[in-house]
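S.K.: So here's final29.cif (mmCIF, C-alpha atoms).
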data_coords
#
loop_
_atom_site.label_atom_id
_atom_site.label_comp_id
_atom_site.auth_asym_id
_atom_site.auth_seq_id
_atom_site.Cartn_x
_atom_site.Cartn_y
_atom_site.Cartn_z
CA MET A 30 31.80 128.80 93.70
CA HIS A 31 28.20 128.69 92.42
CA ASN A 32 25.77 127.08 94.90
CA ASP A 33 24.84 124.11 92.69
CA LYS A 34 28.47 123.46 91.78
CA LYS A 35 29.46 123.88 95.42
CA THR A 36 26.87 121.31 96.53
CA THR A 37 27.95 118.77 93.92
CA TYR A 38 31.62 119.30 94.73
CA PHE A 39 31.29 118.80 98.47
CA GLN A 40 28.81 115.96 98.22
CA GLN A 41 31.37 114.10 96.11
CA LEU A 42 34.10 114.89 98.63
CA ASN A 43 31.83 113.85 101.49
CA GLN A 44 31.37 110.43 99.92
CA ALA A 45 35.07 110.06 99.13
CA LEU A 46 35.95 110.82 102.75
CA LYS A 47 33.31 108.40 104.05
CA ASN A 48 34.95 105.72 101.90
CA HIS A 49 38.43 106.61 103.19
CA GLU A 50 40.32 104.18 105.43
CA ARG A 51 39.98 106.33 108.54
CA THR A 52 37.79 109.16 109.75
CA ILE A 53 39.52 112.04 111.50
CA PRO A 54 39.77 115.79 110.86
CA SER A 55 41.70 116.14 107.61
CA LEU A 56 43.39 118.86 105.62
CA LEU A 57 42.51 118.72 101.92
CA ILE A 58 44.24 120.35 98.96
CA ASP A 59 42.53 120.30 95.59
CA LEU A 60 45.33 119.74 93.07
CA ASP A 61 43.15 120.72 90.12
CA GLN A 62 42.50 124.14 91.62
CA LEU A 63 46.11 124.41 92.79
CA ASP A 64 47.24 123.86 89.19
CA LYS A 65 44.93 126.66 88.03
CA ASN A 66 46.27 129.00 90.71
CA ILE A 67 49.85 128.20 89.67
CA SER A 68 48.94 129.09 86.08
CA VAL A 69 47.40 132.39 87.21
CA LEU A 70 50.55 133.17 89.19
CA LYS A 71 52.94 132.34 86.36
CA ALA A 72 50.92 134.47 83.94
CA SER A 73 51.06 137.45 86.32
CA ILE A 74 54.83 137.45 86.85
CA SER A 75 57.04 139.36 84.45
CA SER A 76 59.62 137.35 82.53
CA SER A 77 62.39 139.35 84.21
CA MET A 78 61.29 138.18 87.65
CA ALA A 79 61.90 134.79 89.25
CA PHE A 80 59.25 133.16 91.44
CA ARG A 81 60.23 132.03 94.94
CA ILE A 82 58.00 129.63 96.91
CA VAL A 83 57.20 130.68 100.49
CA VAL A 84 57.60 127.41 102.37
CA LYS A 85 55.89 128.48 105.61
CA SER A 86 52.64 128.88 103.68
CA LEU A 87 52.96 125.47 102.03
CA PRO A 88 54.65 123.40 104.77
CA SER A 89 54.97 119.99 103.12
CA LEU A 90 57.93 118.56 101.23
CA GLU A 91 55.68 116.86 98.69
CA LEU A 92 53.63 120.02 98.23
CA VAL A 93 56.72 122.23 97.83
CA HIS A 94 58.34 119.90 95.31
CA TYR A 95 55.03 119.58 93.43
CA ILE A 96 54.84 123.38 93.07
CA MET A 97 58.53 123.64 92.19
CA GLU A 98 57.93 121.32 89.24
CA LYS A 99 54.63 122.87 88.15
CA ALA A 100 55.90 126.44 88.46
CA SER A 101 59.35 125.66 87.05
CA THR A 102 61.26 127.22 89.93
CA ASN A 103 64.14 126.18 92.16
CA LYS A 104 63.84 129.15 94.51
CA LEU A 105 62.53 128.85 98.07
CA MET A 106 61.94 131.19 101.00
CA VAL A 107 62.23 129.58 104.44
CA PHE A 108 61.32 131.06 107.83
CA HIS A 109 62.00 128.27 110.34
CA GLN A 110 65.18 126.33 111.09
CA PRO A 111 63.50 122.89 111.42
CA PHE A 112 61.88 123.45 108.02
CA LEU A 113 65.27 124.46 106.62
CA THR A 114 66.83 121.25 107.91
CA HIS A 115 64.11 118.97 106.56
CA LEU A 116 63.88 120.83 103.27
CA THR A 117 67.58 121.03 102.47
CA ALA A 118 67.86 117.28 102.96
CA SER A 119 65.84 116.91 99.75
CA CYS A 120 67.17 119.83 97.66
CA ASP A 121 69.60 119.43 94.76
CA ASP A 122 72.51 121.60 93.69
CA LYS A 123 70.22 123.97 91.75
CA ALA A 124 68.09 125.07 94.71
CA ASP A 125 68.38 128.64 96.01
CA VAL A 126 67.15 129.22 99.57
CA LEU A 127 66.51 132.71 100.93
CA MET A 128 65.72 133.01 104.62
CA GLY A 129 62.57 135.10 105.11
CA LYS A 130 63.54 136.53 108.48
CA PRO A 131 66.80 137.02 110.39
CA MET A 132 67.80 133.90 112.30
CA PRO A 133 69.40 134.14 115.76
CA ILE A 134 73.06 133.25 115.30
CA LYS A 135 72.78 130.24 117.62
CA THR A 136 70.02 128.89 115.37
CA ALA A 137 72.20 129.24 112.26
CA TYR A 138 75.09 127.56 114.10
CA TYR A 139 72.78 124.75 115.23
CA TYR A 140 71.79 124.16 111.61
CA TYR A 141 75.40 123.84 110.53
CA LYS A 142 76.31 121.62 113.50
CA ASN A 143 73.45 119.29 112.56
CA LEU A 144 73.53 119.31 108.76
CA PRO A 145 71.05 116.90 107.22
CA LYS A 146 72.25 114.09 105.01
CA ASN A 147 71.92 115.04 101.36
CA GLU A 148 72.84 112.91 98.36
CA LEU A 149 71.83 115.53 95.78
CA ASN A 150 74.93 117.76 96.13
CA PHE A 151 73.15 120.62 97.93
CA ASN A 152 75.75 123.06 99.26
CA PRO A 153 74.46 124.48 102.58
CA TYR A 154 77.06 127.26 102.55
CA GLN A 155 76.60 128.66 99.05
CA GLN A 156 72.92 127.82 98.38
CA ILE A 157 71.47 129.57 101.43
CA GLN A 158 71.10 133.34 101.71
CA TRP A 159 70.96 134.32 105.38
CA LEU A 160 68.85 137.43 105.99
CA VAL A 161 70.48 140.15 108.12
CA ASP A 162 68.89 143.35 109.38
CA THR A 163 71.60 145.13 111.41
CA THR A 164 75.36 145.59 111.33
CA GLU A 165 75.48 143.75 114.66
CA ARG A 166 73.89 140.69 113.08
CA ILE A 167 76.24 140.91 110.10
CA GLN A 168 79.18 140.78 112.50
CA GLN A 169 77.68 137.73 114.17
CA TYR A 170 77.52 135.93 110.81
CA ILE A 171 81.09 136.98 110.02
CA ASP A 172 82.16 135.43 113.32
CA LEU A 173 80.14 132.29 112.55
CA ALA A 174 81.77 132.00 109.13
CA LYS A 175 85.18 132.18 110.77
CA LYS A 176 84.15 129.57 113.34
CA ILE A 177 82.96 127.00 110.79
CA GLY A 178 85.61 127.86 108.20
CA GLN A 179 83.13 128.58 105.41
CA GLN A 180 82.05 131.64 103.46
CA LEU A 181 78.37 132.51 103.99
CA ARG A 182 75.99 134.50 101.79
CA LEU A 183 74.17 137.47 103.33
CA ASN A 184 71.02 139.16 102.03
CA LEU A 185 70.12 142.52 103.58
CA GLU A 186 66.59 143.20 104.79
CA ILE A 187 65.42 146.70 103.93
CA ASP A 188 62.38 148.49 105.34
CA VAL A 189 60.21 149.52 102.39
CA GLY A 190 57.40 150.86 104.59
CA LEU A 191 56.24 147.95 106.74
CA HIS A 192 58.44 149.10 109.64
CA ARG A 193 59.04 145.60 110.96
CA GLY A 194 62.80 145.92 110.86
CA GLY A 195 65.55 146.14 108.30
CA PHE A 196 67.60 149.05 106.99
CA SER A 197 65.32 152.07 106.63
CA ASN A 198 67.93 154.66 105.63
CA LEU A 199 70.78 154.70 103.15
CA ALA A 200 73.48 155.70 105.67
CA PRO A 201 73.20 152.57 107.87
CA LEU A 202 72.77 150.46 104.74
CA ALA A 203 76.07 151.83 103.43
CA LYS A 204 77.78 150.89 106.72
CA ALA A 205 76.38 147.36 106.41
CA LEU A 206 77.61 147.02 102.85
CA ALA A 207 81.03 148.34 103.84
CA LEU A 208 81.26 145.75 106.63
CA ILE A 209 80.46 142.94 104.21
CA GLN A 210 82.93 144.28 101.66
CA ALA A 211 85.68 144.45 104.29
CA ASN A 212 85.08 140.82 105.23
CA SER A 213 84.69 139.31 101.76
CA LYS A 214 86.76 136.30 102.72
CA HIS A 215 84.06 135.25 105.20
CA VAL A 216 80.78 136.62 103.83
CA SER A 217 79.46 137.59 100.42
CA PHE A 218 76.67 139.99 99.54
CA SER A 219 73.76 138.23 97.82
CA GLY A 220 71.12 140.96 97.52
CA LEU A 221 68.21 142.72 99.22
CA MET A 222 64.80 141.72 100.54
CA GLY A 223 61.95 144.17 101.17
CA TYR A 224 58.48 142.95 102.14
CA ASP A 225 55.53 145.22 101.32
CA PRO A 226 52.11 143.83 102.47
CA HIS A 227 51.23 147.21 103.99
CA VAL A 228 50.77 148.54 100.46
CA VAL A 229 47.36 146.85 100.09
CA LYS A 230 46.41 146.76 103.78
CA LEU A 231 46.67 150.44 104.68
CA PRO A 232 43.29 152.24 104.95
CA LYS A 233 42.85 154.34 101.82
CA LEU A 234 42.12 157.39 103.97
CA ILE A 235 45.68 157.16 105.31
CA ARG A 236 47.46 156.42 102.04
CA SER A 237 46.35 155.11 98.68
CA GLU A 238 47.62 151.78 97.39
CA GLN A 239 49.27 153.51 94.45
CA LYS A 240 51.09 156.02 96.67
CA ALA A 241 52.21 153.35 99.17
CA PHE A 242 53.48 151.17 96.35
CA GLN A 243 55.40 154.01 94.73
CA LEU A 244 57.08 155.02 97.99
CA SER A 245 58.05 151.38 98.56
CA VAL A 246 59.62 150.80 95.14
CA ASN A 247 61.30 154.22 95.17
CA PHE A 248 63.21 153.38 98.35
CA TYR A 249 64.07 149.93 97.03
CA GLN A 250 65.51 151.51 93.88
CA GLN A 251 67.54 153.99 95.95
CA CYS A 252 69.07 151.04 97.81
CA LYS A 253 69.98 149.35 94.53
CA ASP A 254 71.47 152.59 93.19
CA LEU A 255 73.59 152.91 96.36
CA ILE A 256 75.09 149.46 95.80
CA GLN A 257 75.80 150.02 92.13
CA GLN A 258 77.26 153.50 92.54
CA GLU A 259 79.15 153.29 95.83
CA PHE A 260 79.91 149.56 96.11
CA PRO A 261 80.56 148.44 92.54
CA ASN A 262 82.68 145.52 93.79
CA LEU A 263 79.57 144.07 95.43
CA TRP A 264 77.40 144.51 92.35
CA GLN A 265 76.80 141.56 90.08
CA ASP A 266 74.01 140.46 87.76
CA THR A 267 73.21 137.43 89.93
CA LEU A 268 72.16 139.47 92.99
CA THR A 269 68.73 138.64 94.43
CA PHE A 270 66.40 141.63 94.76
CA ASN A 271 63.46 139.99 96.46
CA GLY A 272 60.15 141.41 97.55
CA ALA A 273 56.38 141.21 97.24
CA GLY A 274 54.23 138.44 98.68
CA SER A 275 50.82 137.03 97.86
CA PRO A 276 48.93 140.32 98.53
CA THR A 277 51.21 142.46 96.33
CA ILE A 278 52.76 140.14 93.77
CA SER A 279 50.36 141.30 91.04
CA LEU A 280 51.47 144.93 91.50
CA HIS A 281 55.09 144.31 90.55
CA LYS A 282 55.42 144.56 86.79
CA GLU A 283 58.38 144.97 84.51
CA GLY A 284 59.14 148.66 84.26
CA ASN A 285 57.48 149.71 87.53
CA SER A 286 59.39 147.53 90.01
CA PRO A 287 63.06 147.14 91.01
CA LEU A 288 62.56 143.46 91.89
CA ASN A 289 63.96 140.50 90.02
CA ASP A 290 62.69 137.94 92.52
CA VAL A 291 59.14 137.75 93.94
CA SER A 292 57.79 135.47 96.68
CA ALA A 293 54.36 133.98 97.26
CA GLY A 294 52.75 130.91 98.75
CA SER A 295 49.36 131.52 100.34
CA CYS A 296 47.70 132.66 97.11
CA LEU A 297 48.22 129.18 95.65
CA VAL A 298 45.91 127.59 98.25
CA LYS A 299 44.01 130.82 99.11
CA PRO A 300 42.82 130.66 102.72
CA THR A 301 40.20 133.25 103.74
CA ASP A 302 42.71 135.92 104.88
CA PHE A 303 43.65 136.20 101.22
CA ASP A 304 40.16 136.93 99.90
CA ILE A 305 41.34 140.36 98.78
CA PRO A 306 40.94 142.32 95.51
CA THR A 307 44.52 141.79 94.32
CA LEU A 308 43.97 138.00 94.48
CA ALA A 309 40.49 137.90 92.92
CA ARG A 310 41.66 135.61 90.09
CA TYR A 311 42.72 132.90 92.52
CA ALA A 312 40.27 130.39 94.02
CA PRO A 313 40.31 128.37 97.27
CA ALA A 314 42.28 125.13 97.04
CA CYS A 315 42.47 124.08 100.71
CA TYR A 316 39.81 122.88 103.15
CA ILE A 317 39.45 121.25 106.53
CA ALA A 318 37.03 118.30 106.61
CA THR A 319 35.79 116.89 109.90
CA PRO A 320 33.12 114.28 110.63
CA VAL A 321 29.87 114.69 112.56
CA LEU A 322 29.99 112.51 115.68
CA LYS A 323 26.57 113.22 117.18
CA LYS A 324 23.22 114.63 116.12
CA PHE A 325 20.46 115.85 118.44
CA SER A 326 16.96 117.17 118.02
CA GLY A 327 16.97 120.76 119.18
CA THR A 328 19.72 122.69 120.91
CA THR A 329 20.22 122.19 124.63
CA ILE A 330 22.55 124.52 126.52
CA PRO A 331 23.75 123.66 130.04
CA THR A 332 21.66 125.50 132.72
CA MET A 333 19.29 126.64 129.92
CA GLU A 334 17.42 123.35 129.42
CA GLY A 335 14.07 125.07 129.94
CA MET A 336 14.76 127.41 127.02
CA LYS A 337 15.22 124.67 124.43
CA ARG A 338 11.82 125.27 122.78
CA MET A 339 12.34 129.03 122.69
CA LEU A 340 15.78 128.65 121.11
CA ASN A 341 14.28 126.43 118.42
CA GLN A 342 11.63 129.06 117.66
CA ILE A 343 14.10 131.95 117.55
CA ASN A 344 16.29 130.29 114.92
CA LYS A 345 15.42 127.34 112.68
CA SER A 346 19.07 126.28 112.80
CA ASN A 347 18.63 125.48 116.48
CA ARG A 348 16.14 122.71 115.64
CA GLN A 349 19.07 120.34 115.22
CA SER A 350 22.50 120.37 116.83
CA TYR A 351 25.65 118.45 116.01
CA PHE A 352 28.97 117.71 117.64
CA ILE A 353 31.95 117.39 115.35
CA TYR A 354 35.34 115.71 115.74
CA GLY A 355 37.60 118.56 116.95
CA GLY A 356 37.03 122.20 116.20
CA PHE A 357 38.11 125.72 117.17
CA TRP A 358 40.53 125.94 114.24
CA LYS A 359 41.35 129.33 112.74
CA ALA A 360 38.84 128.61 110.00
CA ASP A 361 35.34 129.48 108.78
CA TYR A 362 32.57 126.92 108.29
CA TYR A 363 31.95 126.71 104.56
CA TYR A 364 29.77 123.69 103.76
CA PRO A 365 26.96 122.84 104.33
CA THR A 366 26.03 126.47 103.74
CA GLY A 367 24.78 128.13 106.92
CA THR A 368 26.69 125.86 109.29
CA LYS A 369 28.10 127.65 112.32
CA ALA A 370 29.42 126.99 115.81
CA ASN A 371 26.92 127.52 118.60
CA GLY A 372 27.99 130.70 120.35
CA LEU A 373 26.20 129.91 123.62
CA PHE A 374 27.69 126.43 124.02
CA GLY A 375 31.17 127.71 123.20
CA ASN A 376 34.07 126.42 121.15
CA SER A 377 35.99 123.24 121.89
CA THR A 378 39.11 121.74 120.35
CA ASN A 379 37.68 118.32 121.23
CA GLN A 380 34.00 118.45 120.19
CA THR A 381 32.46 121.67 118.94
CA MET A 382 28.68 122.08 118.86
CA LEU A 383 27.33 123.19 115.49
CA ASN A 384 23.98 124.26 114.20
CA ALA A 385 22.92 124.10 110.57
CA PRO A 386 19.73 124.93 108.66
CA PRO A 387 17.32 122.02 108.02
CA THR A 388 18.35 122.04 104.33
CA ALA A 389 21.83 120.86 105.34
CA ASN A 390 20.60 117.28 105.76
CA LEU A 391 23.59 116.44 107.95
CA GLU A 392 23.80 113.00 109.51
CA VAL A 393 26.29 111.27 111.79
CA ASP A 394 29.48 110.38 109.84
CA ASP A 395 28.86 113.08 107.25
CA PHE A 396 31.60 115.68 106.90
CA VAL A 397 31.56 119.39 107.57
CA PHE A 398 33.97 121.54 105.53
CA LEU A 399 35.82 124.67 106.61
CA ARG A 400 38.14 127.16 104.92
CA PRO A 401 41.28 127.97 106.95
CA HIS A 402 42.03 131.62 107.71
CA GLN A 403 45.68 131.03 106.85
CA SER A 404 47.81 128.11 105.77
CA GLU A 405 51.10 128.59 107.60
CA PHE A 406 49.67 128.09 111.10
CA VAL A 407 46.53 126.05 110.53
CA PHE A 408 48.11 123.39 108.31
CA LEU A 409 50.49 122.39 111.10
CA HIS A 410 47.57 121.22 113.25
CA PHE A 411 47.26 118.22 110.96
CA GLY A 412 49.66 115.33 110.50
CA CYS A 413 49.31 115.22 106.75
CA ILE A 414 47.59 116.60 103.66
CA LEU A 415 45.07 114.61 101.67
CA PRO A 416 45.48 115.72 98.04
CA ILE A 417 42.38 115.65 95.83
CA ARG A 418 42.40 115.01 92.09
CA ASP A 419 39.10 114.95 90.15
CA GLY A 420 37.21 114.65 93.42
CA GLU A 421 39.15 111.57 94.53
CA LEU A 422 41.55 111.30 97.46
CA LEU A 423 45.17 110.48 96.72
CA SER A 424 47.95 109.16 98.98
CA ALA A 425 48.71 111.45 101.90
CA TRP A 426 51.50 114.04 101.85
CA GLN A 427 53.36 114.59 105.11
CA LEU A 428 53.57 118.04 106.67
CA LEU A 429 56.94 119.43 107.68
CA ARG A 430 57.90 118.66 111.28
CA ASN A 431 58.13 121.63 113.60
CA TYR A 432 61.26 120.34 115.36
#
Render the structure in this file as structure tokens.

M.R.:
Amino acid sequence: MHNDKKTTYFQQLNQALKNHERTIPSLLIDLDQLDKNISVLKASISSSMAFRIVVKSLPSLELVHYIMEKASTNKLMVFHQPFLTHLTASCDDKADVLMGKPMPIKTAYYYYKNLPKNELNFNPYQQIQWLVDTTERIQQYIDLAKKIGQQLRLNLEIDVGLHRGGFSNLAPLAKALALIQANSKHVSFSGLMGYDPHVVKLPKLIRSEQKAFQLSVNFYQQCKDLIQQEFPNLWQDTLTFNGAGSPTISLHKEGNSPLNDVSAGSCLVKPTDFDIPTLARYAPACYIATPVLKKFSGTTIPTMEGMKRMLNQINKSNRQSYFIYGGFWKADYYYPTGTKANGLFGNSTNQTMLNAPPTANLEVDDFVFLRPHQSEFVFLHFGCILPIRDGELLSAWQLLRNY
């Protein structure tokens, strides 16, 4: 964001927040920029690939349903049982939920014992794909299916190079497929999932992005070929072959990827951990805003009171100090430009001391703005989201409960 545009943007937000009904640390999402990011995403996905929203990165029912409508998708990826419960209470009979990590069997059973009320005909047995990574876990889900008297859908996690679990060789994958096939009354095969963020994160001296990507998609294709050639009874055109993520979604194109289903979430709000080359076309859409509670002339550090004048001379930013409401989030100070936490005073989740250059012109009750490092963890520190449209605050959106 250009400096002049940045100043105008945040000055407008500062005034809108000062006019808001209450003043606490707030999580903001700019819907205008979110819309632009959704358009960039849709334009980058091949027509043969479906887009699946990663809920952990966008943990709000209103936000998820907003993106579902704007992106024209009914596909979701969920990583947390409480989120699954809250989310499936509001899903209709067209939603398709893929679990993003294997759930302990007791967690899956707890979900089914405590099914949320749903008046939209969501089927929790046939609209959820449970991710499984070992034959032992497959057997657990077979036993669960018998226990609850329902057939469950299983998606197999494959290791495409990240080495965080999943089937990494064809022989154990074949055993897993055979186990599912032998228990077709209780479980059905719904597809594969292979996550590949290592492709863009590996140091180039170790392996190039192109080489890492090719190795990843080659193994994925071998897994697909195994199903089609050796387990034709499990093969169907509706299978989900999921992969990618915000860092790599732009790499998967028709003709060079075996995927028909790609997932992303963080790129749509773009926290700082996603300031990477493959996401250069996306722009930040989320901020933390917190008010200044106190302003002091100079910077005074406990036990270093006699050094106040020297500190002011060493750095012009020390000529004024501020204490904000809260702090110590996984986030970077973004506006006013040059604002930073005082390293000598130390961080605080209650009141963090900041310093800013004289040009910041910060006063008590003004707001300081930060960019989160990530969305999935940082967002949950706040009770709600304040959406922004044309620089104005809209009604709050609730964040998903973590229980």

S.K.: From the set A:Val189, A:Val291, A:Ile177, A:Leu149, which residue has the shortest atom-to-atom contact distance to A:Asn247, counting all atoms listed in the file?

M.R.: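 Answer, going by the shortest atom-to-atom distance: A:Val189.
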
S.K.: When distances are computed from only C-alpha atoms, which of A:Ile187, A:Ser237, A:Ser213, A:Asp64 shows the smallest separation from A:Gln250?

M.R.: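 Of the candidates, the smallest distance to A:Gln250 is held by A:Ile187.
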
S.K.: What is the atom CA of A:Leu70 to atom CA of A:Thr102 distance in Å?

M.R.: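 Computing the Euclidean distance for atom CA of A:Leu70 and atom CA of A:Thr102 yields 12.3 Å.
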
S.K.: Figure out the distance between atom CA of A:Ser275 and atom CA of A:Val229, please, to one decimal in Å.

M.R.: 10.6 Å

S.K.: Once you count all atoms listed in the file, which residues end up no further than 12 Å from (54.7, 144.3, 103.0) in the file's frame, shown as a PyMOL selection string?

M.R.: chain A and resi 187-194+222-231+238+241-242+245-246+271-278+280+292-293

S.K.: Just say which residues the PyMOL selection byres ((chain A and resi 43) around 10) picks in this file, as a short mmCIF file (atom, residue, chain, number, x, y, z; two decimals) with C-alpha atoms, keeping the file's coordinate frame.

M.R.:
data_model
loop_
_atom_site.label_atom_id
_atom_site.label_comp_id
_atom_site.auth_asym_id
_atom_site.auth_seq_id
_atom_site.Cartn_x
_atom_site.Cartn_y
_atom_site.Cartn_z
CA THR A 37 27.95 118.77 93.92
CA TYR A 38 31.62 119.30 94.73
CA PHE A 39 31.29 118.80 98.47
CA GLN A 40 28.81 115.96 98.22
CA GLN A 41 31.37 114.10 96.11
CA LEU A 42 34.10 114.89 98.63
CA GLN A 44 31.37 110.43 99.92
CA ALA A 45 35.07 110.06 99.13
CA LEU A 46 35.95 110.82 102.75
CA LYS A 47 33.31 108.40 104.05
CA ASN A 48 34.95 105.72 101.90
CA HIS A 49 38.43 106.61 103.19
CA ALA A 318 37.03 118.30 106.61
CA THR A 319 35.79 116.89 109.90
CA PRO A 320 33.12 114.28 110.63
CA ASP A 394 29.48 110.38 109.84
CA ASP A 395 28.86 113.08 107.25
CA PHE A 396 31.60 115.68 106.90
CA VAL A 397 31.56 119.39 107.57
CA PHE A 398 33.97 121.54 105.53
CA GLY A 420 37.21 114.65 93.42
#

S.K.: A:Thr301: which residues within 9 Å, counting only C-alpha atoms, same-chain residues fewer than 2 positions away excluded, as a ChimeraX atom specification?

M.R.: /A:299,303-305,313,360-361,400-403

S.K.: So the first atom is atom CA of A:Trp264 and the second is atom CA of A:Gly220; what is the distance between them in Å, to one decimal place?

M.R.: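 Computing the Euclidean distance for atom CA of A:Trp264 and atom CA of A:Gly220 yields 8.9 Å.
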
S.K.: Could you tell me which of A:Ile417, A:Pro387, A:Ala203, A:Gly284 comes closest to A:Thr366 if we count only C-alpha atoms?

M.R.: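 Ranked by minimum distance to A:Thr366, first place goes to A:Pro387.
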
S.K.: Point out the residue among A:Leu208, A:Glu186, A:His281, A:Glu421 with the least atom-to-atom distance to A:Gln239, counting all atoms listed in the file.

M.R.: A:His281

S.K.: Within 12 Å of A:Pro300, counting all atoms listed in the file, which residues qualify if same-chain residues fewer than 5 places away don't, as a PDB file with C-alpha atoms, in the coordinates of the input?

M.R.:
ATOM      1  CA  LEU A  57      42.510 118.720 101.920  1.00  0.00           C
ATOM      2  CA  ILE A  58      44.240 120.350  98.960  1.00  0.00           C
ATOM      3  CA  SER A  86      52.640 128.880 103.680  1.00  0.00           C
ATOM      4  CA  LEU A  87      52.960 125.470 102.030  1.00  0.00           C
ATOM      5  CA  SER A 275      50.820 137.030  97.860  1.00  0.00           C
ATOM      6  CA  GLY A 294      52.750 130.910  98.750  1.00  0.00           C
ATOM      7  CA  SER A 295      49.360 131.520 100.340  1.00  0.00           C
ATOM      8  CA  ILE A 305      41.340 140.360  98.780  1.00  0.00           C
ATOM      9  CA  LEU A 308      43.970 138.000  94.480  1.00  0.00           C
ATOM     10  CA  TYR A 311      42.720 132.900  92.520  1.00  0.00           C
ATOM     11  CA  ALA A 312      40.270 130.390  94.020  1.00  0.00           C
ATOM     12  CA  PRO A 313      40.310 128.370  97.270  1.00  0.00           C
ATOM     13  CA  ALA A 314      42.280 125.130  97.040  1.00  0.00           C
ATOM     14  CA  CYS A 315      42.470 124.080 100.710  1.00  0.00           C
ATOM     15  CA  TYR A 316      39.810 122.880 103.150  1.00  0.00           C
ATOM     16  CA  ILE A 317      39.450 121.250 106.530  1.00  0.00           C
ATOM     17  CA  LYS A 359      41.350 129.330 112.740  1.00  0.00           C
ATOM     18  CA  ALA A 360      38.840 128.610 110.000  1.00  0.00           C
ATOM     19  CA  ASP A 361      35.340 129.480 108.780  1.00  0.00           C
ATOM     20  CA  TYR A 363      31.950 126.710 104.560  1.00  0.00           C
ATOM     21  CA  LEU A 399      35.820 124.670 106.610  1.00  0.00           C
ATOM     22  CA  ARG A 400      38.140 127.160 104.920  1.00  0.00           C
ATOM     23  CA  PRO A 401      41.280 127.970 106.950  1.00  0.00           C
ATOM     24  CA  HIS A 402      42.030 131.620 107.710  1.00  0.00           C
ATOM     25  CA  GLN A 403      45.680 131.030 106.850  1.00  0.00           C
ATOM     26  CA  SER A 404      47.810 128.110 105.770  1.00  0.00           C
ATOM     27  CA  GLU A 405      51.100 128.590 107.600  1.00  0.00           C
ATOM     28  CA  PHE A 406      49.670 128.090 111.100  1.00  0.00           C
ATOM     29  CA  VAL A 407      46.530 126.050 110.530  1.00  0.00           C
ATOM     30  CA  PHE A 408      48.110 123.390 108.310  1.00  0.00           C
TER      31      PHE A 408
END

S.K.: Between A:Leu244, A:Ala100, A:Ala211, A:Leu90, which one has atoms that come closest to A:His115, using all atoms listed in the file?

M.R.: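 Among the listed residues, the smallest separation from A:His115 belongs to A:Leu90.
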
S.K.: Hey, which of A:Val126, A:Ala72, A:Cys120, A:Met132 ends up closest to A:Leu105? Count all atoms listed in the file.

M.R.: A:Val126

S.K.: Could you tell me which residues the PyMOL selection byres ((chain A and resi 354) around 10) returns for this structure, as a list in words?

M.R.: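 That expression, the PyMOL selection byres ((chain A and resi 354) around 10), corresponds here to Thr52, Ile53, Pro54, Ala318, Thr319, Pro320, Val321, Leu322, Lys323, Phe352, Ile353, Gly355, Gly356, Ser377, Thr378, Asn379, Gln380, Thr381, Met382, Asp394, Phe396 and Val397 of chain A.
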
S.K.: For the file shown, what are the residues hit by the PyMOL selection byres ((chain A and resi 198) around 10), laid out as a ChimeraX atom specification?

M.R.: /A:187-189,195-197,199-203,248,251-252

S.K.: If you count only C-alpha atoms, which residues fall within 10 Å of A:Leu423, apart from same-chain ones fewer than 5 positions away, as a ChimeraX atom specification?

M.R.: /A:60,414-418

S.K.: Tell me which protein, DNA and RNA residues are within 6 Å of A:Gly129, counting all atoms listed in the file, leaving out same-chain ones fewer than 2 positions away, and put them as a PyMOL selection string.

M.R.: chain A and resi 106-108

S.K.: Counting only C-alpha atoms, find residues at most 12 Å from (64.6, 127.8, 111.8) (file frame) and give them as a count of residues only.

M.R.: 32

S.K.: Could the centre and edge lengths of an axis-aligned box, enclosing all atoms of stretch 273-292 of chain A in the file with 5 Å extra on each side, be given in Å to one decimal as JSON?

M.R.:
{"center_x": 56.4, "center_y": 142.6, "center_z": 91.5, "size_x": 25.0, "size_y": 24.2, "size_z": 24.4}
